[in-house]
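Source file start.csv; content: CSV, C-alpha atoms and all ligand atoms.
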chain,number,residue,atom,x,y,z
A,1,MET,CA,77.8,4.6,-40.4
A,2,ILE,CA,81.3,4.8,-38.8
A,3,ALA,CA,83.3,1.9,-37.4
A,4,ILE,CA,86.5,2.7,-35.5
A,5,GLU,CA,88.8,-0.2,-34.6
A,6,SER,CA,91.7,0.2,-32.2
A,7,LEU,CA,92.6,3.6,-33.7
A,8,SER,CA,95.7,5.4,-32.4
A,9,LYS,CA,97.3,8.7,-33.4
A,10,ARG,CA,100.6,9.6,-31.9
A,11,PHE,CA,102.3,12.9,-32.4
A,12,PRO,CA,106.0,13.2,-31.3
A,13,ARG,CA,105.0,14.4,-27.8
A,14,VAL,CA,101.4,13.5,-27.5
A,15,THR,CA,99.2,10.4,-28.0
A,16,ALA,CA,96.0,12.1,-29.3
A,17,LEU,CA,94.1,8.8,-29.8
A,18,ASP,CA,94.9,5.7,-27.9
A,19,ARG,CA,93.4,2.4,-29.2
A,20,LEU,CA,90.0,3.8,-29.7
A,21,THR,CA,87.3,1.3,-30.7
A,22,VAL,CA,83.7,2.6,-31.1
A,23,GLY,CA,80.8,2.3,-33.6
A,24,ILE,CA,78.5,5.2,-34.6
A,25,GLU,CA,75.0,4.5,-35.9
A,26,PRO,CA,72.6,6.7,-37.9
A,27,GLY,CA,71.1,9.6,-36.0
A,28,VAL,CA,72.7,12.4,-34.1
A,29,THR,CA,75.8,11.4,-32.1
A,30,GLY,CA,77.5,13.7,-29.7
A,31,LEU,CA,81.3,13.3,-29.3
A,32,VAL,CA,82.2,14.8,-26.0
A,33,GLY,CA,85.6,15.4,-24.5
A,34,ALA,CA,87.6,18.1,-22.8
A,35,ASN,CA,89.9,20.3,-24.9
A,36,GLY,CA,92.7,18.1,-26.2
A,37,ALA,CA,90.7,14.9,-25.7
A,38,GLY,CA,91.3,14.0,-29.4
A,39,LYS,CA,88.0,15.0,-31.0
A,40,SER,CA,89.4,17.1,-33.9
A,41,THR,CA,92.1,14.5,-34.5
A,42,LEU,CA,89.5,11.8,-34.8
A,43,ILE,CA,87.4,13.8,-37.3
A,44,LYS,CA,90.4,14.5,-39.5
A,45,ILE,CA,91.3,10.8,-39.6
A,46,LEU,CA,87.7,9.9,-40.4
A,47,LEU,CA,87.8,12.3,-43.4
A,48,GLY,CA,91.0,10.8,-44.6
A,49,LEU,CA,92.8,14.1,-44.1
A,50,SER,CA,95.3,12.7,-41.5
A,51,PRO,CA,96.6,9.2,-41.4
A,52,ALA,CA,96.2,7.1,-38.2
A,53,THR,CA,99.3,5.7,-36.6
A,54,GLU,CA,97.6,2.3,-35.9
A,55,GLY,CA,94.2,0.7,-36.3
A,56,SER,CA,91.5,1.2,-38.8
A,57,ALA,CA,88.2,3.0,-39.5
A,58,THR,CA,85.5,3.0,-42.1
A,59,VAL,CA,83.0,5.7,-42.9
A,60,LEU,CA,79.8,4.7,-44.8
A,61,GLY,CA,81.7,1.4,-45.4
A,62,MET,CA,84.7,3.2,-47.0
A,63,ASP,CA,88.2,2.8,-45.6
A,64,VAL,CA,89.7,6.1,-44.3
A,65,ALA,CA,93.2,5.1,-45.2
A,66,THR,CA,92.5,4.5,-48.9
A,67,GLN,CA,89.2,6.1,-49.8
A,68,GLY,CA,89.5,9.6,-48.3
A,69,GLY,CA,88.4,11.4,-51.5
A,70,ALA,CA,85.2,9.2,-51.8
A,71,ILE,CA,84.4,9.8,-48.2
A,72,ARG,CA,84.7,13.6,-48.5
A,73,GLU,CA,82.3,13.5,-51.5
A,74,ARG,CA,79.6,11.9,-49.3
A,75,VAL,CA,80.3,13.5,-46.0
A,76,GLY,CA,80.0,17.1,-45.0
A,77,TYR,CA,82.6,18.7,-42.7
A,78,MET,CA,82.3,21.8,-40.5
A,79,PRO,CA,85.8,22.7,-39.2
A,80,GLU,CA,86.3,24.1,-35.8
A,81,HIS,CA,88.2,27.2,-36.6
A,82,ASP,CA,87.3,30.3,-38.6
A,83,CYS,CA,88.2,29.5,-42.2
A,84,LEU,CA,86.0,31.8,-44.2
A,85,PRO,CA,87.5,34.3,-46.7
A,86,PRO,CA,86.5,37.8,-45.5
A,87,ASP,CA,86.1,39.4,-48.9
A,88,VAL,CA,83.4,37.1,-50.4
A,89,SER,CA,79.8,36.7,-49.6
A,90,ALA,CA,78.2,33.7,-48.1
A,91,THR,CA,76.4,33.0,-51.4
A,92,GLU,CA,79.6,33.1,-53.4
A,93,PHE,CA,81.4,30.9,-50.9
A,94,VAL,CA,78.8,28.3,-50.6
A,95,VAL,CA,78.2,28.1,-54.4
A,96,HIS,CA,81.9,27.6,-54.8
A,97,MET,CA,81.9,24.8,-52.2
A,98,ALA,CA,78.9,23.2,-53.9
A,99,ARG,CA,80.7,23.3,-57.3
A,100,MET,CA,83.8,21.8,-55.7
A,101,SER,CA,81.7,18.9,-54.6
A,102,GLY,CA,80.7,18.3,-58.2
A,103,LEU,CA,77.3,20.0,-58.5
A,104,PRO,CA,76.5,21.7,-61.8
A,105,ALA,CA,76.2,25.5,-61.8
A,106,THR,CA,72.4,25.8,-61.6
A,107,ALA,CA,72.0,23.1,-59.0
A,108,ALA,CA,74.8,24.7,-57.0
A,109,ARG,CA,73.0,28.1,-56.9
A,110,GLU,CA,69.7,26.5,-56.1
A,111,ARG,CA,71.1,24.3,-53.3
A,112,THR,CA,73.0,27.3,-51.9
A,113,ALA,CA,69.9,29.5,-51.7
A,114,ASP,CA,67.9,26.6,-50.0
A,115,THR,CA,70.7,25.7,-47.6
A,116,LEU,CA,71.4,29.3,-46.5
A,117,ARG,CA,67.7,29.9,-45.9
A,118,HIS,CA,67.6,26.7,-43.9
A,119,VAL,CA,70.4,27.8,-41.6
A,120,GLY,CA,68.7,31.2,-41.2
A,121,LEU,CA,70.8,33.6,-43.4
A,122,TYR,CA,68.7,35.8,-45.6
A,123,GLU,CA,69.6,39.3,-47.0
A,124,GLU,CA,73.0,39.3,-45.3
A,125,ARG,CA,74.0,36.4,-47.5
A,126,TYR,CA,75.0,38.9,-50.2
A,127,ARG,CA,77.4,40.8,-47.9
A,128,PRO,CA,81.1,40.0,-47.5
A,129,MET,CA,81.6,37.5,-44.7
A,130,GLY,CA,84.3,39.6,-43.0
A,131,GLY,CA,81.5,41.7,-41.4
A,132,TYR,CA,79.6,38.7,-40.1
A,133,SER,CA,79.0,37.9,-36.4
A,134,THR,CA,80.4,34.6,-35.0
A,135,GLY,CA,76.9,33.2,-35.1
A,136,MET,CA,76.5,34.1,-38.8
A,137,LYS,CA,79.9,32.6,-39.6
A,138,GLN,CA,79.0,29.4,-37.8
A,139,ARG,CA,75.8,29.2,-39.9
A,140,VAL,CA,77.8,29.6,-43.2
A,141,LYS,CA,80.2,26.9,-42.1
A,142,LEU,CA,77.2,24.6,-41.4
A,143,ALA,CA,75.6,25.5,-44.8
A,144,GLN,CA,78.8,24.6,-46.8
A,145,ALA,CA,78.9,21.2,-45.0
A,146,LEU,CA,75.3,20.5,-46.0
A,147,VAL,CA,75.1,22.0,-49.5
A,148,HIS,CA,76.0,18.8,-51.4
A,149,ASP,CA,73.3,16.8,-49.6
A,150,PRO,CA,75.6,14.5,-47.8
A,151,ARG,CA,74.5,11.3,-45.9
A,152,LEU,CA,76.6,12.3,-42.9
A,153,VAL,CA,78.0,15.5,-41.5
A,154,LEU,CA,80.9,15.9,-39.1
A,155,LEU,CA,80.6,19.1,-37.1
A,156,ASP,CA,83.6,20.1,-35.0
A,157,GLU,CA,82.5,22.4,-32.1
A,158,PRO,CA,79.7,24.2,-33.9
A,159,THR,CA,78.7,26.1,-30.8
A,160,ASN,CA,82.2,27.5,-30.2
A,161,GLY,CA,82.2,31.2,-29.5
A,162,LEU,CA,78.4,31.5,-29.4
A,163,ASP,CA,76.4,33.2,-26.6
A,164,PRO,CA,73.7,31.1,-24.9
A,165,VAL,CA,70.9,32.1,-27.4
A,166,GLY,CA,73.2,31.5,-30.4
A,167,ARG,CA,74.1,28.1,-29.0
A,168,ASP,CA,70.5,27.1,-28.5
A,169,GLU,CA,69.7,28.1,-32.1
A,170,MET,CA,72.7,26.2,-33.5
A,171,LEU,CA,71.7,23.1,-31.5
A,172,GLY,CA,68.2,23.4,-32.8
A,173,LEU,CA,69.5,23.6,-36.4
A,174,ILE,CA,71.7,20.6,-35.9
A,175,ARG,CA,68.7,18.6,-34.6
A,176,ARG,CA,66.7,19.6,-37.7
A,177,VAL,CA,69.5,18.6,-40.0
A,178,HIS,CA,68.6,15.0,-39.0
A,179,SER,CA,64.9,15.3,-38.5
A,180,ASP,CA,64.1,17.4,-41.7
A,181,PHE,CA,66.7,15.9,-44.1
A,182,GLY,CA,67.6,12.5,-42.6
A,183,ILE,CA,71.3,13.4,-42.6
A,184,SER,CA,73.2,11.7,-39.8
A,185,VAL,CA,75.3,13.9,-37.6
A,186,LEU,CA,78.5,13.5,-35.5
A,187,VAL,CA,78.9,16.6,-33.5
A,188,THR,CA,81.7,17.4,-31.0
A,189,SER,CA,81.6,19.6,-28.0
A,190,HIS,CA,83.5,20.1,-24.8
A,191,LEU,CA,80.3,21.5,-23.2
A,192,LEU,CA,78.9,18.3,-22.0
A,193,GLY,CA,75.4,19.3,-21.0
A,194,GLU,CA,74.5,20.8,-24.4
A,195,LEU,CA,74.7,17.6,-26.3
A,196,GLU,CA,72.3,15.9,-24.0
A,197,ARG,CA,69.3,17.6,-25.7
A,198,THR,CA,70.6,17.3,-29.2
A,199,SER,CA,72.0,13.8,-29.5
A,200,ASP,CA,70.5,10.3,-29.6
A,201,HIS,CA,73.8,8.8,-28.6
A,202,ILE,CA,76.8,10.1,-26.7
A,203,VAL,CA,80.4,9.0,-27.0
A,204,VAL,CA,82.8,10.4,-24.4
A,205,ILE,CA,86.5,10.4,-24.9
A,206,ASP,CA,89.3,11.5,-22.6
A,207,GLY,CA,93.0,11.5,-23.3
A,208,GLY,CA,92.2,9.8,-26.7
A,209,LYS,CA,90.6,6.8,-24.9
A,210,LEU,CA,86.9,5.8,-24.9
A,211,LEU,CA,85.2,6.5,-21.6
A,212,ARG,CA,81.7,5.6,-22.6
A,213,SER,CA,79.4,5.1,-25.5
A,214,SER,CA,75.7,4.8,-25.0
A,215,SER,CA,72.3,6.2,-25.9
A,216,THR,CA,71.6,9.5,-24.3
A,217,ALA,CA,68.7,8.1,-22.3
A,218,ASP,CA,70.9,5.3,-20.9
A,219,PHE,CA,73.6,7.7,-20.1
A,220,THR,CA,71.4,9.7,-17.7
A,221,GLN,CA,69.1,6.9,-16.6
A,222,ARG,CA,71.6,4.4,-15.4
A,223,THR,CA,72.9,6.9,-13.0
A,224,ALA,CA,69.6,7.9,-11.4
A,225,VAL,CA,69.7,10.0,-8.3
A,226,LEU,CA,67.1,9.9,-5.6
A,227,ALA,CA,66.1,13.1,-3.8
A,228,VAL,CA,64.5,12.5,-0.4
A,229,GLU,CA,62.7,15.2,1.6
A,230,VAL,CA,61.9,14.7,5.3
A,231,THR,CA,60.4,16.8,8.0
A,232,ASP,CA,62.3,18.0,11.1
A,233,THR,CA,61.0,16.8,14.6
A,234,ASP,CA,61.7,17.9,18.1
A,235,THR,CA,64.0,14.9,18.6
A,236,HIS,CA,65.7,15.6,15.3
A,237,PRO,CA,65.7,19.4,14.6
A,238,ASP,CA,67.6,18.7,11.4
A,239,GLY,CA,65.8,15.7,10.0
A,240,ALA,CA,67.9,15.6,6.8
A,241,ALA,CA,71.2,15.5,8.8
A,242,ALA,CA,69.8,12.6,11.0
A,243,LEU,CA,68.6,10.7,7.9
A,244,ARG,CA,71.9,11.3,6.1
A,245,GLU,CA,73.8,9.8,9.1
A,246,ALA,CA,71.5,6.8,9.3
A,247,LEU,CA,71.8,6.1,5.6
A,248,ARG,CA,75.6,6.5,5.7
A,249,GLN,CA,75.6,3.8,8.4
A,250,ALA,CA,73.5,1.6,6.2
A,251,GLY,CA,76.1,1.8,3.5
A,252,VAL,CA,74.1,4.0,1.1
A,253,ALA,CA,76.2,6.2,-1.3
A,254,LEU,CA,75.2,9.8,-0.4
A,255,HIS,CA,75.8,13.0,-2.4
A,256,GLU,CA,77.1,16.0,-0.6
A,257,PRO,CA,74.5,18.7,0.1
A,258,GLY,CA,74.8,21.7,-2.3
A,259,PRO,CA,75.9,25.2,-1.3
A,260,ASP,CA,72.4,25.9,-0.1
A,261,GLY,CA,72.6,22.9,2.3
A,262,GLY,CA,70.2,21.0,0.1
A,263,ARG,CA,67.3,23.2,1.2
A,264,ALA,CA,64.2,22.5,-0.8
A,265,PRO,CA,62.0,25.4,-2.0
A,266,GLY,CA,59.4,25.6,0.7
A,267,ALA,CA,60.0,23.5,3.8
A,268,GLY,CA,62.4,20.7,4.7
A,269,HIS,CA,65.8,19.6,3.5
A,270,LEU,CA,66.8,17.2,0.8
A,271,VAL,CA,69.0,14.2,1.0
A,272,THR,CA,70.3,13.1,-2.4
A,273,LEU,CA,71.8,9.7,-3.0
A,274,ASP,CA,72.6,7.1,-5.7
A,275,ALA,CA,69.6,4.9,-6.5
A,276,ALA,CA,71.4,2.3,-8.5
A,277,ASP,CA,69.6,-0.5,-6.7
A,278,GLU,CA,65.8,-0.6,-6.0
A,279,SER,CA,66.4,-1.8,-2.4
A,280,VAL,CA,67.5,1.8,-1.6
A,281,TYR,CA,63.9,2.9,-1.5
A,282,ASP,CA,63.2,0.4,1.4
A,283,THR,CA,66.3,1.4,3.2
A,284,VAL,CA,65.3,5.1,3.0
A,285,ARG,CA,61.7,4.4,4.2
A,286,ASP,CA,63.0,2.2,7.1
A,287,ALA,CA,65.6,4.8,8.1
A,288,ALA,CA,63.1,7.6,8.1
A,289,ALA,CA,60.5,5.6,10.1
A,290,GLY,CA,63.2,4.5,12.6
A,291,LEU,CA,64.0,8.1,13.3
A,292,GLY,CA,60.4,9.1,13.5
A,293,LEU,CA,60.7,11.6,10.6
A,294,GLY,CA,57.9,12.3,8.2
A,295,LEU,CA,58.8,11.3,4.6
A,296,VAL,CA,57.6,14.2,2.4
A,297,ARG,CA,58.7,12.8,-1.0
A,298,MET,CA,61.1,10.6,-2.8
A,299,GLU,CA,61.9,11.8,-6.3
A,300,GLN,CA,64.0,10.3,-9.0
A,301,ARG,CA,66.2,12.7,-10.8
A,302,ARG,CA,68.5,12.1,-13.7
A,303,HIS,CA,72.2,13.0,-13.7
A,304,GLN,CA,73.4,15.7,-16.0
A,305,ILE,CA,75.8,14.2,-18.4
A,306,SER,CA,78.4,16.6,-17.1
A,307,GLU,CA,78.2,15.0,-13.7
A,308,VAL,CA,78.6,11.6,-15.1
A,309,PHE,CA,81.6,12.8,-17.0
A,310,THR,CA,83.2,14.5,-14.0
A,311,GLU,CA,82.8,11.4,-11.9
A,312,ARG,CA,84.2,9.1,-14.5
A,313,SER,CA,87.2,11.3,-15.2
A,314,ALA,CA,87.8,11.6,-11.6
A,315,GLY,CA,87.6,8.0,-10.6
A,316,ASP,CA,86.5,4.9,-12.2
A,317,VAL,CA,88.3,5.1,-15.5
A,318,ALA,CA,90.8,2.3,-15.3
B,1,LIG,N1,99.4,18.4,-35.6
B,1,LIG,C1,99.6,18.2,-34.3
B,1,LIG,N2,100.9,18.0,-33.9
B,1,LIG,C2,101.1,17.7,-32.6
B,1,LIG,N3,100.2,17.6,-31.6
B,1,LIG,C3,98.9,17.7,-32.0
B,1,LIG,C4,98.5,18.0,-33.4
B,1,LIG,N4,97.2,18.0,-33.5
B,1,LIG,C5,96.7,17.8,-32.3
B,1,LIG,N5,97.7,17.6,-31.4
B,1,LIG,C6,97.6,17.2,-29.9
B,1,LIG,O1,96.8,16.1,-29.8
B,1,LIG,C7,95.9,16.2,-28.7
B,1,LIG,C8,94.4,16.1,-29.2
B,1,LIG,O2,94.1,17.3,-29.9
B,1,LIG,P1,92.7,17.5,-30.6
B,1,LIG,O3,92.8,18.8,-31.4
B,1,LIG,O4,92.3,16.3,-31.4
B,1,LIG,O5,91.8,17.7,-29.4
B,1,LIG,P2,90.3,18.2,-29.3
B,1,LIG,O6,89.6,17.2,-28.4
B,1,LIG,O7,89.7,18.4,-30.6
B,1,LIG,O8,90.4,19.5,-28.5
B,1,LIG,P3,90.1,21.0,-29.0
B,1,LIG,O9,88.6,21.2,-28.9
B,1,LIG,O10,90.8,21.9,-28.0
B,1,LIG,O11,90.6,21.1,-30.4
B,1,LIG,C9,96.2,17.6,-28.1
B,1,LIG,O12,97.1,17.3,-27.0
B,1,LIG,C10,96.9,18.3,-29.2
B,1,LIG,O13,97.8,19.2,-28.6
File written out as C-alpha cells:
Amino acid sequence: MIAIESLSKRFPRVTALDRLTVGIEPGVTGLVGANGAGKSTLIKILLGLSPATEGSATVLGMDVATQGGAIRERVGYMPEHDCLPPDVSATEFVVHMARMSGLPATAARERTADTLRHVGLYEERYRPMGGYSTGMKQRVKLAQALVHDPRLVLLDEPTNGLDPVGRDEMLGLIRRVHSDFGISVLVTSHLLGELERTSDHIVVIDGGKLLRSSSTADFTQRTAVLAVEVTDTDTHPDGAAALREALRQAGVALHEPGPDGGRAPGAGHLVTLDAADESVYDTVRDAAAGLGLGLVRMEQRRHQISEVFTERSAGDVA
C-alpha cells in the first residue's frame, strides 16, 4: 500500500524525518510516536502536500513527489486539528467534500447520509457544527475522509481530545472501517496502548527514525514476561525476595517489583522476569527447588506496547 524509502524531512531547526524506510501493507496499521516524532509530517508527505527533503515514497503505487493529486483522489485524510467551519452542518460539509472528490450531486448526498450514519451521527447532522462536542467533530472528520470510498485512509490522531468512552468508540469505528468496508487504515497516536487492540501492524517512530515495525502479535509476544508466584517458608519468610536474589545470581533479567511490592491477589508474592529464552523456566524451577520454596504458578504475560516503547526509547535504539 505504502512504500517509504530513506525519507527525510528537514526544517531549518529540526529534522522531522530522518532516513525513514518502512513498508505498510493492507489492513490497519498504527503509527506510534511521541509528540514531535514526525507522524503528521510523514502523513503530509504521503498525501503529496509537503515535499520530502530526500528519499522517496509511493502510495498505492503512485509517487508522492509527482502524483499528489491522484493520491488524494484515492486516499482519505483525517487531519489532526479542528478544521470544521462552525456555521455549516455536518451534512452540508460532507456533501461539499464528496462533491470536491468528484462525486455527482445525488451520489454525494446518498454517500453522505450513509457515511454519517456509519460514524454514528443522526439528527444532529443537520445542526451547525460549531455546537458539536469534540467527539462529534472527530466523527465528522472521519466521515469526510471516508465519503468518497477511498482504498486507504490516513487518520492523524483521531482520538485526540476524547474521553475514555469516546476514545473506545472511535477505535471501534476505525476497526470497522477496515472490517466492514475493506478500507485500509494508517492511524497515528501518541497513546501507545490504544493502538494495540485496533491495529494489525504497528510502526513506531521516534525523532523521525524508525524504531520498530512488526505485527501487533509479534510486538507483544517477542517480549514475553514470566510472572512467578512462590510460597514463603520459615527459612525464607519472603520467598519472592529469596527467589529474586537467586535468579539475579543466575543471570536472569528481572523486572523491578511494582509499587505494591509485586503482591499477588490472595497469597504470595510475584517475581516478574524476561522469558526471552525457554531455559529460564528450568532456571526458575531449579532456583525455587534449591531454596525449598513452593512454586505456585508460572504465568506468561505479554508486554504492553507502551512498555516496549519506553524500553526501546530509553535504551537499545542505536
Ligand atoms: N512547518 C514546520 N516548520 C518547522 N518545523 C516543523 C514544521 N512542521 C513540523 N515541524 C517540526 O517537526 C517535528 C515533527 O513534527 P510532527 O508534527 O510531524 O510530529 P508529530 O509526531 O505529528 O507530533 P504531534 O502529534 O505533536 O503533531 C517537530 O519537532 C515539529 O516541531
Could you make a table, as a tab-separated table, of the residues of chain A that have an atom within 10 Å of an atom of ligand LIG 1 (chain B), each with its nearest atom pair and distance in Å to one decimal, counting only C-alpha atoms and all ligand atoms, in chain and number order?
residue	atom	partner	partner_atom	distance
A:Lys9	CA	B:LIG1	O1	8.2
A:Arg10	CA	B:LIG1	O1	7.8
A:Phe11	CA	B:LIG1	C2	5.0
A:Pro12	CA	B:LIG1	C2	6.8
A:Arg13	CA	B:LIG1	N3	6.9
A:Val14	CA	B:LIG1	O12	5.8
A:Thr15	CA	B:LIG1	O1	6.4
A:Ala16	CA	B:LIG1	O1	4.1
A:Leu17	CA	B:LIG1	C8	7.3
A:Leu31	CA	B:LIG1	O6	9.2
A:Val32	CA	B:LIG1	O6	8.1
A:Gly33	CA	B:LIG1	O6	5.9
A:Ala34	CA	B:LIG1	O6	6.0
A:Asn35	CA	B:LIG1	O10	3.6
A:Gly36	CA	B:LIG1	O5	3.3
A:Ala37	CA	B:LIG1	O6	3.7
A:Gly38	CA	B:LIG1	O4	3.2
A:Lys39	CA	B:LIG1	O6	3.8
A:Ser40	CA	B:LIG1	O7	3.6
A:Thr41	CA	B:LIG1	O4	3.6
A:Leu42	CA	B:LIG1	O4	6.3
A:Ile43	CA	B:LIG1	O4	8.1
A:Lys44	CA	B:LIG1	O4	8.5
A:Ile45	CA	B:LIG1	O4	9.9
A:Ser50	CA	B:LIG1	N1	9.2
A:Glu80	CA	B:LIG1	O11	7.5
A:His81	CA	B:LIG1	O11	9.0
A:Asp156	CA	B:LIG1	O7	7.7
A:Glu157	CA	B:LIG1	O9	7.0
A:Asn160	CA	B:LIG1	O9	9.1
A:Thr188	CA	B:LIG1	O7	8.1
A:Ser189	CA	B:LIG1	O9	7.2
A:His190	CA	B:LIG1	O9	6.6
A:Ile205	CA	B:LIG1	O6	8.3
A:Asp206	CA	B:LIG1	O6	8.1
A:Gly207	CA	B:LIG1	C8	7.6
A:Gly208	CA	B:LIG1	C8	7.1
*asked:* Applying 9 Å and only C-alpha atoms, which residues near segment 283-287 of chain A remain after dropping the ones on its own chain fewer than 6 positions away? List them as a list in words.
replied: Val228, Leu243, Ala246, Leu247, Ala250, Val252, Leu293 and Leu295 of chain A
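Coordinates place atom CA of His236 of chain A at a distance of 15.3 Å from atom CA of Val296 of chain A.
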*Best match for closeness to Arg117 of chain A among A:Ala90, A:Glu256, A:Gly76, A:Val185, counting only C-alpha atoms*: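 Smallest separation from Arg117 of chain A among the options: A:Ala90.
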_Which polymer residues, whether protein, DNA or RNA, lie within 12 Å of the coordinate (61.8, 20.1, 14.5) when you count all atoms listed in the file? List them as a ChimeraX atom specification, using the chain letters and numbers from the file._
/A:230-242,267-269,292-294
Given 4 Å of margin on each side, can you work out the centre and size in Å (one decimal) of an axis-aligned box holding every listed atom of segment 33-52 of chain A, as lines of an AutoDock Vina configuration file?
center_x = 91.1
center_y = 13.7
center_z = -33.7
size_x = 19.0
size_y = 21.2
size_z = 29.8
*Would you work out the distance separating atom CA of Ile2 of chain A from atom CA of Thr159 of chain A, expressed in Å to one decimal?*
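Between atom CA of Ile2 of chain A and atom CA of Thr159 of chain A the gap is 22.9 Å.
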*Of the listed residues A:Lys209, A:Thr106, A:Thr115, A:Thr134, that which approaches Asp163 of chain A most closely, counting all atoms listed in the file*: A:Thr134
*Nearest to Val59 of chain A among A:Leu162, A:Val271, A:Met1, A:Met170, with distances taken over only C-alpha atoms: which residue is it?*
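For Val59 of chain A, the nearest of the candidates is A:Met1.
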_Length of the atom CA of Ile202 of chain A to atom CA of Pro79 of chain A vector [Å]_ =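 Going from atom CA of Ile202 of chain A over to atom CA of Pro79 of chain A covers 19.9 Å.
Nearest to Leu146 of chain A of all the residues A:Leu121, A:Val94, A:Leu195, A:Ala105 is A:Val94, counting only C-alpha atoms.
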_Set the distance at 12 Å and use all atoms listed in the file: which residues neighbour segment 278-282 of chain A once local chain neighbours fewer than 6 positions away are removed? I'd like the list as a list in words._
Ala224, Val225, Leu226, Ala227, Val228, Leu247, Arg248, Ala250, Gly251, Val252, Ala253, Leu254, Thr272, Ala288, Ala289, Gly290, Leu295, Arg297, Met298, Glu299 and Gln300 of chain A
